[in-house]
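Student: The structure follows.
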Amino acid sequence: KVKSSANRMQTLIKYLLAYSRLSKKKKDWVPVDLNLVIEKVQEDLEAPIRESGVEFILGDLPEVRGVPFQLEQLFNNLISNSIKYHSILEPPIIEIACKKTQRSSIPADFNKKAKEYFCITVKDNGIGFEQANANKIFELFQRLHQKNEYSGTGIGLAICKKIVEKHKGHIVAQGQINKGATFYIYLPV
């Protein structure tokens, strides 16, 4: 029990450090090919991907300006969650796609400074969540499940939100119980 608590605390500290580092202003923005980011994340998550038998359906993703390790962390967190919360009723599928969209056609309410945005979707067929909790899941330490049901710290999606906002974008979640979750990431073109 002590070992389990210590491991949880170590994970929590690691995520808190990652979260706090995001507030530092960095000038290391470079062009980042999101196709390569997804490849790297798939390599990093090779074991859980193999264990869960998840199938990926990947569209062609764009190149964006940003901080490479932060964008890797963003997709790592989203894909990790899709794997963790996969359904036991059907084989897990994660679909990642992108389309370019005009700022005027984005329903989400955020400060839209760019004329066009990439709308990147990360969709799964997992256990989903109640749509009423869509905003709550991005808050620090918020969990929709007990720690004995699913492991985690409640920081992963808060990190995702902060990364997307640092990249002058916005993230929105849509879910339905037992039907899966879809995350919409808007990043400036």
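Residues in the structure tokens are named by chain (A, B, ... in the order shown) and by number from 1 within that chain; ligands are numbered from 1 in the order shown.
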Which residues, written as a PyMOL selection string, have at least one atom at most 8 Å from A:Pro68, with only C-alpha atoms counted and residues fewer than 5 positions away on the same chain left out?
Tutor: chain A and resi 29-30+32+37
Student: Where in stretch 21-70 of chain A does DSSP assign helix (DSSP H, G or I), given as a ChimeraX atom specification?
Tutor: /A:21,34-44,46-52,68-70
Student: What's around stretch 114-123 of chain A at 7 Å? Count only C-alpha atoms, leave out sequence neighbours fewer than 2 positions away in its own chain, and write the answer as a PyMOL selection string.
Tutor: chain A and resi 94-103+112+181-189
Student: Pick from A:Gln70, A:Asn125, A:Asn76, A:Leu58: nearest to A:Lys162, with only C-alpha atoms counted?
Tutor: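 The shortest atom-to-atom distance to A:Lys162 comes from A:Gln70.
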Student: Show which residues sit within 7 Å of A:Phe138, as JSON, numbers by chain. Count only C-alpha atoms, and ignore same-chain residues fewer than 6 positions away.
Tutor: {"A": [157, 158, 161]}
Student: Which is closest to A:Gln42 among A:Phe110, A:Phe129, A:Phe56, A:Tyr85, if we use only C-alpha atoms?
Tutor: A:Phe56
Student: Restricting the calculation to only C-alpha atoms, which member of A:Asp124, A:Gln174, A:Leu36, A:Asn77 is positioned closest to A:Lys136?
Tutor: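 Counting only C-alpha atoms, the residue closest to A:Lys136 is A:Gln174.
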Student: Under the rule that only C-alpha atoms are counted, which of A:Ala173, A:Leu89, A:Ala6, A:Ile163 is the nearest residue to A:Val67?
Tutor: A:Ile163
Student: Neighbouring residues of A:Ile38 were defined as those with any atom within 10 Å, considering only C-alpha atoms; residues of the same chain fewer than 5 positions away were excluded. Please report them as a PyMOL selection string.
Tutor: chain A and resi 33+43-44+58+61+71-72+75-76+79+96
